[in-house]
$ cat entry_12.cif   # mmCIF, C-alpha atoms
data_work
#
loop_
_atom_site.label_atom_id
_atom_site.label_comp_id
_atom_site.auth_asym_id
_atom_site.auth_seq_id
_atom_site.Cartn_x
_atom_site.Cartn_y
_atom_site.Cartn_z
CA MET A 1 -25.61 148.42 124.62
CA PRO A 2 -23.86 145.49 126.01
CA GLU A 3 -24.05 145.16 129.69
CA ASP A 4 -20.65 143.99 130.12
CA LYS A 5 -18.43 146.79 130.91
CA ILE A 6 -15.17 146.98 129.52
CA SER A 7 -12.62 146.48 132.21
CA PHE A 8 -8.90 147.05 132.14
CA ILE A 9 -8.48 144.38 134.66
CA PRO A 10 -7.76 141.21 132.82
CA LYS A 11 -10.00 138.35 133.69
CA LYS A 12 -7.34 135.87 132.90
CA THR A 13 -3.98 135.85 134.43
CA PHE A 14 -1.09 136.22 131.97
CA GLU A 15 0.87 133.03 131.40
CA ARG A 16 4.58 133.33 131.78
CA PRO A 17 6.25 132.98 128.40
CA PHE A 18 8.02 129.66 127.88
CA TYR A 19 11.46 129.85 126.33
CA LYS A 20 12.57 126.50 124.86
CA ARG A 21 16.23 125.62 125.46
CA SER A 22 17.92 125.49 122.12
CA GLY A 23 21.32 123.86 123.32
CA PRO A 24 24.91 125.01 122.63
CA GLY A 25 24.49 125.26 118.89
CA PHE A 26 26.14 123.61 115.94
CA PHE A 27 29.25 125.80 115.66
CA LEU A 28 30.02 125.68 119.33
CA THR A 29 29.68 121.89 119.39
CA SER A 30 31.81 121.49 116.28
CA SER A 31 34.46 123.79 117.67
CA PHE A 32 34.49 121.90 120.95
CA LEU A 33 34.79 118.56 119.13
CA LEU A 34 37.59 119.91 116.95
CA LEU A 35 39.39 121.18 120.03
CA LEU A 36 39.00 117.78 121.64
CA LEU A 37 40.21 116.02 118.50
CA SER A 38 43.18 118.36 118.16
CA GLY A 39 44.11 117.76 121.76
CA LEU A 40 43.82 114.03 121.22
CA ILE A 41 45.97 114.11 118.07
CA CYS A 42 48.54 116.29 119.81
CA GLY A 43 48.58 113.88 122.75
CA VAL A 44 49.09 110.86 120.51
CA ALA A 45 51.74 112.72 118.50
CA ILE A 46 53.64 113.66 121.65
CA LEU A 47 53.51 110.08 122.88
CA TYR A 48 54.73 108.85 119.47
CA ARG A 49 57.51 111.47 119.45
CA ASN A 50 58.66 110.40 122.90
CA SER A 51 58.64 106.76 121.85
CA LEU A 52 60.66 107.64 118.72
CA LYS A 53 63.14 109.58 120.86
CA LYS A 54 63.64 106.55 123.09
CA GLN A 55 64.10 104.28 120.03
CA VAL A 56 66.64 106.66 118.49
CA ASP A 57 68.57 106.82 121.79
CA LEU A 58 68.57 103.03 122.01
CA LEU A 59 69.72 102.67 118.39
CA SER A 60 72.45 105.24 118.95
CA ASP A 61 73.71 103.26 121.97
CA SER A 62 73.60 100.00 119.97
CA LEU A 63 75.55 101.63 117.15
CA GLU A 64 78.19 102.91 119.56
CA ARG A 65 78.54 99.42 121.04
CA ALA A 66 78.75 97.89 117.55
CA LYS A 67 81.45 100.41 116.58
CA ALA A 68 83.44 99.59 119.68
CA ALA A 69 83.20 95.88 118.85
CA PHE A 70 84.61 96.44 115.35
CA GLU A 71 88.23 96.80 116.52
CA ILE A 72 89.13 99.07 113.61
CA PRO A 73 92.91 98.32 113.74
CA LEU A 74 92.14 94.59 113.48
CA ILE A 75 89.80 95.17 110.53
CA ASN A 76 92.49 97.27 108.83
CA LYS A 77 95.05 94.53 109.40
CA LEU A 78 92.71 91.83 108.06
CA PHE A 79 91.80 93.97 105.07
CA ASN A 80 95.47 94.61 104.37
CA ILE A 81 96.30 90.89 104.46
CA SER A 82 93.31 90.09 102.27
CA GLU A 83 94.44 92.69 99.69
CA LYS A 84 97.96 91.34 99.89
CA ILE A 85 96.78 87.80 99.13
CA LYS A 86 94.69 89.01 96.18
CA THR A 87 97.51 91.08 94.70
CA SER A 88 100.10 88.37 95.28
CA LYS A 89 97.89 85.96 93.32
CA ILE A 90 97.77 88.45 90.42
CA LEU A 91 101.54 88.97 90.54
CA LEU A 92 102.26 85.24 90.72
CA GLU A 93 99.95 84.56 87.78
CA GLN A 94 101.90 87.12 85.75
CA HIS A 95 105.35 86.23 87.03
CA LYS A 96 107.74 85.56 84.17
CA THR A 97 110.97 83.68 83.80
CA ILE A 98 113.43 83.68 80.95
CA VAL A 99 114.79 80.19 81.76
CA PRO A 100 112.46 78.37 79.27
CA VAL A 101 113.75 80.69 76.51
CA PHE A 102 117.31 79.42 77.03
CA ASP A 103 116.04 75.82 77.24
CA LEU A 104 114.28 76.33 73.89
CA LEU A 105 117.40 77.83 72.26
CA GLU A 106 119.65 75.05 73.58
CA LYS A 107 117.25 72.47 72.22
CA SER A 108 116.74 74.00 68.79
CA THR A 109 120.21 75.37 67.95
CA LEU A 110 122.13 73.20 65.48
CA LYS A 111 125.80 72.23 65.90
CA ASP A 112 126.90 74.22 62.88
CA VAL A 113 125.38 77.45 64.19
CA ARG A 114 126.45 79.67 67.04
CA PHE A 115 125.18 82.88 68.49
CA ASN A 116 127.35 85.63 69.90
CA ASN A 117 124.91 88.34 70.82
CA PHE A 118 121.56 88.06 72.53
CA LYS A 119 118.75 90.52 73.22
CA TYR A 120 115.45 89.67 74.92
CA SER A 121 112.54 92.11 75.13
CA PHE A 122 108.77 92.39 74.78
CA SER A 123 106.78 93.72 71.81
CA LYS A 124 103.93 96.22 72.15
CA ASP A 125 101.59 93.20 72.13
CA LYS A 126 103.55 91.79 75.08
CA GLU A 127 105.06 88.99 73.04
CA PRO A 128 108.62 87.99 73.99
CA ILE A 129 111.11 88.78 71.23
CA ILE A 130 114.66 87.50 70.87
CA SER A 131 117.12 89.24 68.58
CA MET A 132 120.47 87.54 68.02
CA LYS A 133 123.56 87.86 65.90
CA GLY A 134 124.97 84.55 64.79
CA MET A 135 127.32 82.65 62.57
CA ALA A 136 126.60 79.53 60.49
CA ARG A 137 129.06 77.19 58.79
CA SER A 138 127.22 77.48 55.47
CA TYR A 139 124.01 78.68 53.86
CA SER A 140 122.61 75.16 54.04
CA SER A 141 123.34 75.06 57.78
CA LEU A 142 121.51 78.36 58.12
CA ALA A 143 118.55 77.01 56.13
CA LEU A 144 118.40 73.98 58.41
CA GLN A 145 118.53 76.27 61.45
CA GLY A 146 115.63 78.28 60.04
CA LYS A 147 113.65 75.07 59.58
CA ALA A 148 114.43 73.96 63.15
CA PHE A 149 113.14 77.28 64.52
CA GLU A 150 110.02 77.13 62.37
CA GLU A 151 109.21 73.64 63.60
CA GLU A 152 109.36 74.78 67.22
CA LYS A 153 105.78 75.34 68.44
CA ASN A 154 106.74 78.06 70.93
CA ILE A 155 108.30 80.20 68.19
CA LYS A 156 105.56 82.14 66.45
CA ASN A 157 107.68 83.95 63.91
CA VAL A 158 111.24 83.64 62.56
CA SER A 159 112.96 86.26 60.46
CA PHE A 160 116.58 86.18 59.25
CA PHE A 161 118.21 89.31 57.90
CA GLY A 162 121.61 90.91 57.30
CA LEU A 163 123.14 87.76 55.83
CA ASN A 164 126.74 88.17 54.70
CA LEU A 165 129.79 86.06 54.03
CA GLY A 166 132.39 86.07 56.81
CA ASP A 167 136.18 85.89 56.65
CA LYS A 168 136.50 82.14 56.82
CA GLY A 169 133.60 81.33 54.54
CA THR A 170 131.13 81.34 57.40
CA ILE A 171 127.79 83.11 57.13
CA ASN A 172 127.05 85.99 59.50
CA PHE A 173 123.38 86.68 60.12
CA ASN A 174 120.84 88.36 62.35
CA VAL A 175 117.69 86.58 63.49
CA THR A 176 114.56 87.71 65.30
CA LEU A 177 112.27 85.22 66.99
CA VAL A 178 108.80 86.08 68.26
CA LEU A 179 107.86 83.68 71.04
CA ASP A 180 104.59 82.43 72.42
CA PRO A 181 103.90 84.50 75.61
CA SER A 182 102.87 81.36 77.52
CA LEU A 183 106.47 80.11 77.25
CA VAL A 184 107.77 82.69 79.72
CA PHE A 185 105.04 82.42 82.36
CA TYR A 186 106.43 81.00 85.56
CA LYS A 187 105.35 77.44 86.30
CA THR A 188 106.16 75.57 89.50
CA GLU A 189 108.39 72.62 88.83
CA MET B 626 44.90 127.42 116.09
CA ILE B 627 46.03 125.14 118.93
CA PHE B 628 46.41 122.39 116.37
CA PHE B 629 48.84 124.39 114.28
CA VAL B 630 50.71 125.98 117.15
CA TRP B 631 51.20 122.64 118.95
CA PHE B 632 51.09 120.05 116.29
CA GLN B 633 53.32 121.57 113.61
CA PRO B 634 56.57 121.57 115.70
CA VAL B 635 55.78 118.11 117.06
CA PHE B 636 55.07 116.86 113.57
CA ASN B 637 58.39 118.31 112.34
CA GLU B 638 60.21 116.68 115.25
CA ILE B 639 58.54 113.33 114.46
CA LYS B 640 59.65 113.70 110.84
CA ASP B 641 63.26 114.40 111.89
CA LEU B 642 63.30 111.59 114.43
CA GLY B 643 61.84 109.20 111.83
CA ALA B 644 64.63 110.09 109.40
CA GLN B 645 67.21 109.73 112.17
CA LYS B 646 65.82 106.32 113.12
CA ALA B 647 65.89 105.17 109.49
CA SER B 648 69.55 106.21 109.14
CA PHE B 649 70.44 104.48 112.42
CA ASP B 650 68.64 101.34 111.25
CA GLU B 651 70.64 101.43 108.03
CA ALA B 652 73.90 102.02 109.91
CA LEU B 653 73.15 99.11 112.23
CA PHE B 654 72.40 96.88 109.23
CA THR B 655 75.72 97.91 107.67
CA SER B 656 77.51 97.32 110.97
CA ARG B 657 76.06 93.80 111.11
CA GLN B 658 77.37 93.19 107.58
CA ILE B 659 80.80 94.52 108.61
CA GLN B 660 80.76 92.24 111.65
CA GLU B 661 80.03 89.24 109.39
CA THR B 662 82.82 90.24 106.98
CA ARG B 663 85.17 90.77 109.92
CA LYS B 664 84.32 87.33 111.28
CA GLY B 665 84.90 85.75 107.87
CA LEU B 666 88.24 87.53 107.44
CA LEU B 667 89.32 86.66 110.98
CA ASP B 668 88.46 82.97 110.41
CA GLN B 669 90.49 83.07 107.18
CA TYR B 670 93.37 84.86 108.89
CA ASN B 671 93.48 82.30 111.69
CA THR B 672 93.99 79.51 109.15
CA ILE B 673 97.17 81.16 107.78
CA SER B 674 100.34 80.00 109.51
CA GLN B 675 103.02 82.51 110.55
CA GLU B 676 105.39 80.88 108.06
CA ASN B 677 102.98 81.55 105.20
CA LEU B 678 102.41 85.11 106.40
CA ASP B 679 106.18 85.66 106.29
CA ARG B 680 106.27 84.23 102.77
CA LEU B 681 103.40 86.49 101.74
CA ASN B 682 105.22 89.52 103.13
CA LYS B 683 108.28 88.53 101.15
CA ILE B 684 106.38 88.05 97.88
CA PHE B 685 104.58 91.35 98.32
CA PRO B 686 106.30 93.52 100.93
CA SER B 687 104.71 96.55 102.56
CA GLN B 688 107.96 98.50 102.23
CA PRO B 689 110.12 98.95 99.14
CA GLY B 690 113.11 97.35 100.88
CA SER B 691 115.54 98.26 98.08
CA ILE B 692 118.71 97.68 100.11
CA LYS B 693 117.41 94.32 101.29
CA TYR B 694 116.67 93.42 97.66
CA ILE B 695 120.17 94.40 96.49
CA ILE B 696 121.73 92.26 99.24
CA GLU B 697 119.47 89.37 98.25
CA ILE B 698 120.41 89.65 94.55
CA ASP B 699 124.09 89.88 95.42
CA ASN B 700 123.81 86.72 97.53
CA ILE B 701 122.11 84.81 94.72
CA LEU B 702 124.78 85.98 92.25
CA ARG B 703 127.64 85.04 94.61
CA LYS B 704 126.07 81.64 95.21
CA ASN B 705 126.22 81.06 91.45
CA GLY B 706 129.75 82.41 91.03
CA MET B 707 128.74 85.68 89.42
CA VAL B 708 129.64 89.31 90.06
CA LEU B 709 127.22 92.21 90.45
CA LYS B 710 128.90 95.07 88.59
CA SER B 711 126.15 97.66 89.06
CA ILE B 712 122.52 97.92 90.14
CA ASN B 713 120.07 100.78 90.03
CA ILE B 714 116.59 100.82 91.56
CA GLN B 715 114.38 103.72 90.59
CA GLU B 716 112.23 104.29 93.63
CA LYS B 717 109.50 106.45 92.23
CA ALA B 718 106.15 107.37 93.68
CA GLY B 719 102.87 107.29 91.80
CA GLY B 720 100.53 104.62 90.47
CA SER B 721 101.67 101.31 89.16
CA GLN B 722 102.80 101.06 85.58
CA GLY B 723 102.29 97.38 84.97
CA VAL B 724 102.68 97.95 81.24
CA ALA B 725 105.23 95.26 80.66
CA PHE B 726 103.11 92.74 82.50
CA GLY B 727 99.68 93.58 81.22
CA VAL B 728 98.54 94.94 84.58
CA GLU B 729 97.22 98.44 84.92
CA LYS B 730 95.95 100.45 87.89
CA GLN B 731 96.69 97.73 90.41
CA PRO B 732 97.20 98.35 94.11
CA PHE B 733 100.94 97.91 93.91
CA GLU B 734 103.97 99.97 93.13
CA ILE B 735 106.49 98.88 90.52
CA PHE B 736 110.17 99.62 90.88
CA PRO B 737 112.09 99.43 87.62
CA ILE B 738 115.56 98.07 88.24
CA SER B 739 118.58 97.75 86.01
CA MET B 740 121.74 95.78 86.72
CA LYS B 741 124.90 94.59 85.07
CA VAL B 742 126.37 91.24 86.04
CA THR B 743 129.33 89.20 84.83
CA GLY B 744 129.89 85.48 84.71
CA SER B 745 129.70 82.37 82.59
CA TYR B 746 126.60 81.37 80.67
CA LYS B 747 126.17 78.30 82.88
CA SER B 748 126.33 80.42 86.06
CA PHE B 749 123.91 82.93 84.60
CA TYR B 750 121.45 80.19 83.68
CA SER B 751 121.60 78.91 87.24
CA PHE B 752 121.19 82.46 88.59
CA LEU B 753 118.07 82.95 86.43
CA LYS B 754 116.58 79.75 87.85
CA ASP B 755 117.18 80.94 91.42
CA LEU B 756 115.82 84.38 90.57
CA ALA B 757 112.62 82.89 89.15
CA ASN B 758 112.11 80.78 92.27
CA ASN B 759 112.97 83.59 94.66
CA LEU B 760 110.03 84.72 96.82
CA ARG B 761 110.67 88.41 96.14
CA LEU B 762 109.32 88.48 92.60
CA THR B 763 111.55 89.84 89.85
CA ASP B 764 110.16 90.02 86.32
CA ILE B 765 112.79 90.51 83.64
CA ASN B 766 111.71 92.99 80.95
CA THR B 767 114.86 93.08 78.85
CA LEU B 768 118.11 91.14 78.80
CA GLU B 769 121.12 91.72 76.65
CA PHE B 770 124.47 90.01 76.62
CA SER B 771 127.52 89.62 74.53
CA PRO B 772 130.88 87.93 75.05
CA GLY B 773 133.09 89.62 77.68
CA GLY B 774 136.87 89.81 77.93
CA THR B 775 137.61 86.14 78.41
CA SER B 776 136.12 83.36 76.34
CA ASP B 777 133.65 81.99 78.89
CA GLN B 778 132.73 85.32 80.50
CA TYR B 779 129.75 87.42 79.46
CA ASP B 780 128.45 90.82 80.49
CA PHE B 781 124.72 90.64 81.14
CA SER B 782 122.51 93.75 81.21
CA ILE B 783 119.16 93.21 82.83
CA SER B 784 116.20 95.51 83.27
CA ALA B 785 113.42 94.18 85.43
CA SER B 786 110.54 95.10 87.74
CA ILE B 787 110.00 94.43 91.41
CA TYR B 788 106.86 95.15 93.41
CA TRP B 789 105.70 96.39 96.77
CA GLN B 790 102.35 97.22 98.34
CA LYS B 791 101.22 100.84 98.02
#

$ encode --input "entry_12.cif" --output "structure tokens"
Amino acid sequence: MPEDKISFIPKKTFERPFYKRSGPGFFLTSSFLLLLLSGLICGVAILYRNSLKKQVDLLSDSLERAKAAFEIPLINKLFNISEKIKTSKILLEQHKTIVPVFDLLEKSTLKDVRFNNFKYSFSKDKEPIISMKGMARSYSSLALQGKAFEEEKNIKNVSFFGLNLGDKGTINFNVTLVLDPSLVFYKTE
Amino acid sequence: MIFFVWFQPVFNEIKDLGAQKASFDEALFTSRQIQETRKGLLDQYNTISQENLDRLNKIFPSQPGSIKYIIEIDNILRKNGMVLKSINIQEKAGGSQGVAFGVEKQPFEIFPISMKVTGSYKSFYSFLKDLANNLRLTDINTLEFSPGGTSDQYDFSISASIYWQK
């Protein structure tokens, strides 16, 4: 039998258990970092928003000042004059006069021919047209008149019609002349 | 949670402000262009003398001025020894016709006019010259004449167009 008696009194003192600190933990740290980051982003965003607000206010003021400097009535007046000049140029370029038509007729009408009715108009193609009733001393005079018209460069087309013998042996006729449009455009003398 | 509660409205505001800033920038750019155009037009305007402005207003008046035109035509006719027997100006609203002159949809109004005048051929020729050189533009569309009562007198029927700014 062993001499040692079994005792309930421990020979060794119990050591206090040592608990190792494990720290805040991964999730807590991540959450804290996220919170910090969110706060930081929000802070930066608020600062940026405020800066944008200031810029927008400044731009709005600048725009108001620019608008005031426009002088809208003056701009309208200048625009009106500018439009007037442009349109006047168009109108002057297209201004027509019938004076050269009479000059042409005076130059190309023979002594043995006379006209007693005159009509001036424009064709659908905007070509000036003259229709006249006339009287010639003879058929040969009329033929010469036709030739004179045909030789005139500003007359594009000549057509005689309705020829008939008059009371005193004269020849009554109708004539239509198609003129070059450039003839009637107004030119400064 | 904080991120979404705080950041979303701020982000939306930033987006709106950004768009607002972009439109203001664009408006300011346009206003600078307008200022330049205004300056250019003003410089041009300052080079035009009052005399030329008056001439411009006569060539292309801002008002129809029909009565003024009739008086002017009558004066030109009288000066050349002719008589104005009748005149009719059709003041009608609406876009320009410009058909007789090859112009369409222009910023001007056309008044068709018709008149009957009497006189000698020589006087009429002289009247036509004055009419062509007159500042208030008259474009003759049709002309018809035949001998009148006396040997040297003719009755002239004219249809023409005059213009004014819309």

$ closest_residue --input "entry_12.cif" --among "B:Glu716, B:Ser745, B:Leu709, B:Ser687" --to "Gln790 in chain B" --atoms "all atoms listed in the file"
B:Ser687

$ interface_residues --input "entry_12.cif" --of "chain B" --to "chain A" --cutoff "8 Å" --atoms "all atoms listed in the file" --output "ChimeraX atom specification"
/B:627-628,631-632,635-636,638-639,642-643,645-646,649-650,652-653,656,659-660,663,666-667,670,681,684-685,725-727,731-733,750,753-754,757,762-772,790

$ atom_distance --input "entry_12.cif" --atom1 "CA of Leu165 in chain A" --atom2 "CA of Val113 in chain A"
14.0 Å

$ residues_around --input "entry_12.cif" --residues "Ile714 in chain B" --least-positions-apart "5" --cutoff "7 Å" --atoms "only C-alpha atoms" --output "CSV table (one decimal) with C-alpha atoms, in the coordinates of the input"
chain,number,residue,atom,x,y,z
B,736,PHE,CA,110.2,99.6,90.9
B,737,PRO,CA,112.1,99.4,87.6
B,738,ILE,CA,115.6,98.1,88.2
B,739,SER,CA,118.6,97.8,86.0

$ atom_distance --input "entry_12.cif" --atom1 "CA of Lys704 in chain B" --atom2 "CA of Ser108 in chain A"
29.0 Å

$ residues_around --input "entry_12.cif" --residues "Phe752 in chain B" --least-positions-apart "3" --cutoff "9 Å" --atoms "only C-alpha atoms" --output "number ranges by chain"
B: 701-702, 704-707, 747-749, 755-757

$ write_last_selection --input "entry_12.cif" --atoms "C-alpha atoms" --output "PDB file, in the coordinates of the input"
ATOM      1  CA  ILE B 701     122.110  84.810  94.720  1.00  0.00           C
ATOM      2  CA  LEU B 702     124.780  85.980  92.250  1.00  0.00           C
ATOM      3  CA  LYS B 704     126.070  81.640  95.210  1.00  0.00           C
ATOM      4  CA  ASN B 705     126.220  81.060  91.450  1.00  0.00           C
ATOM      5  CA  GLY B 706     129.750  82.410  91.030  1.00  0.00           C
ATOM      6  CA  MET B 707     128.740  85.680  89.420  1.00  0.00           C
ATOM      7  CA  LYS B 747     126.170  78.300  82.880  1.00  0.00           C
ATOM      8  CA  SER B 748     126.330  80.420  86.060  1.00  0.00           C
ATOM      9  CA  PHE B 749     123.910  82.930  84.600  1.00  0.00           C
ATOM     10  CA  ASP B 755     117.180  80.940  91.420  1.00  0.00           C
ATOM     11  CA  LEU B 756     115.820  84.380  90.570  1.00  0.00           C
ATOM     12  CA  ALA B 757     112.620  82.890  89.150  1.00  0.00           C
TER      13      ALA B 757
END

$ resolve_selection --input "entry_12.cif" --expression "the PyMOL selection byres ((chain A and resi 107) around 12)" --output "PDB file with C-alpha atoms, keeping the file's coordinate frame"
ATOM      1  CA  PRO A 100     112.460  78.370  79.270  1.00  0.00           C
ATOM      2  CA  VAL A 101     113.750  80.690  76.510  1.00  0.00           C
ATOM      3  CA  PHE A 102     117.310  79.420  77.030  1.00  0.00           C
ATOM      4  CA  ASP A 103     116.040  75.820  77.240  1.00  0.00           C
ATOM      5  CA  LEU A 104     114.280  76.330  73.890  1.00  0.00           C
ATOM      6  CA  LEU A 105     117.400  77.830  72.260  1.00  0.00           C
ATOM      7  CA  GLU A 106     119.650  75.050  73.580  1.00  0.00           C
ATOM      8  CA  SER A 108     116.740  74.000  68.790  1.00  0.00           C
ATOM      9  CA  THR A 109     120.210  75.370  67.950  1.00  0.00           C
ATOM     10  CA  LEU A 110     122.130  73.200  65.480  1.00  0.00           C
ATOM     11  CA  LYS A 111     125.800  72.230  65.900  1.00  0.00           C
ATOM     12  CA  GLN A 145     118.530  76.270  61.450  1.00  0.00           C
ATOM     13  CA  ALA A 148     114.430  73.960  63.150  1.00  0.00           C
ATOM     14  CA  PHE A 149     113.140  77.280  64.520  1.00  0.00           C
ATOM     15  CA  GLU A 151     109.210  73.640  63.600  1.00  0.00           C
ATOM     16  CA  GLU A 152     109.360  74.780  67.220  1.00  0.00           C
ATOM     17  CA  ASN A 154     106.740  78.060  70.930  1.00  0.00           C
TER      18      ASN A 154
END

$ atom_distance --input "entry_12.cif" --atom1 "CA of Val742 in chain B" --atom2 "CA of Asp679 in chain B"
29.1 Å

$ resolve_selection --input "entry_12.cif" --expression "the PyMOL selection byres ((chain A and resi 141) around 12)" --output "PyMOL selection string"
chain A and resi 109-114+134-140+142-148+170-173

$ closest_residue --input "entry_12.cif" --among "B:Thr743, B:Val630, B:Ile696, B:Pro689" --to "Trp789 in chain B" --atoms "only C-alpha atoms"
B:Pro689

$ decode --input "entry_12.cif" --residues "range 46-63 of chain A" --atoms "N, CA and C atoms" --output "compact mmCIF listing (two decimals), in the first residue's frame"
# COMPACT_ATOMS: atom_id res chain seq x y z
N ILE A 46 -20.51 66.88 -49.56
CA ILE A 46 -21.18 68.11 -49.09
C ILE A 46 -20.34 69.34 -49.44
N LEU A 47 -19.03 69.19 -49.25
CA LEU A 47 -18.14 70.32 -49.60
C LEU A 47 -18.24 70.63 -51.09
N TYR A 48 -18.24 69.56 -51.92
CA TYR A 48 -18.33 69.73 -53.38
C TYR A 48 -19.67 70.38 -53.76
N ARG A 49 -20.75 69.91 -53.08
CA ARG A 49 -22.08 70.48 -53.37
C ARG A 49 -22.11 71.98 -53.05
N ASN A 50 -21.52 72.31 -51.89
CA ASN A 50 -21.51 73.72 -51.50
C ASN A 50 -20.72 74.57 -52.50
N SER A 51 -19.60 73.98 -52.94
CA SER A 51 -18.77 74.71 -53.91
C SER A 51 -19.54 74.89 -55.23
N LEU A 52 -20.26 73.82 -55.64
CA LEU A 52 -21.07 73.91 -56.87
C LEU A 52 -22.16 74.98 -56.74
N LYS A 53 -22.79 75.01 -55.55
CA LYS A 53 -23.84 75.99 -55.29
C LYS A 53 -23.30 77.40 -55.48
N LYS A 54 -22.11 77.62 -54.90
CA LYS A 54 -21.49 78.96 -55.01
C LYS A 54 -21.22 79.30 -56.47
N GLN A 55 -20.68 78.28 -57.22
CA GLN A 55 -20.36 78.51 -58.64
C GLN A 55 -21.62 78.85 -59.43
N VAL A 56 -22.69 78.09 -59.16
CA VAL A 56 -23.96 78.32 -59.87
C VAL A 56 -24.50 79.72 -59.57
N ASP A 57 -24.40 80.12 -58.27
CA ASP A 57 -24.85 81.47 -57.90
C ASP A 57 -24.05 82.54 -58.64
N LEU A 58 -22.72 82.31 -58.69
CA LEU A 58 -21.85 83.28 -59.37
C LEU A 58 -22.19 83.37 -60.86
N LEU A 59 -22.37 82.17 -61.48
CA LEU A 59 -22.71 82.14 -62.91
C LEU A 59 -24.04 82.82 -63.18
N SER A 60 -25.00 82.59 -62.28
CA SER A 60 -26.31 83.21 -62.44
C SER A 60 -26.20 84.73 -62.39
N ASP A 61 -25.37 85.23 -61.44
CA ASP A 61 -25.16 86.68 -61.35
C ASP A 61 -24.51 87.22 -62.63
N SER A 62 -23.48 86.46 -63.12
CA SER A 62 -22.78 86.89 -64.34
C SER A 62 -23.74 86.96 -65.51
N LEU A 63 -24.62 85.95 -65.58
CA LEU A 63 -25.58 85.89 -66.69
C LEU A 63 -26.55 87.07 -66.63
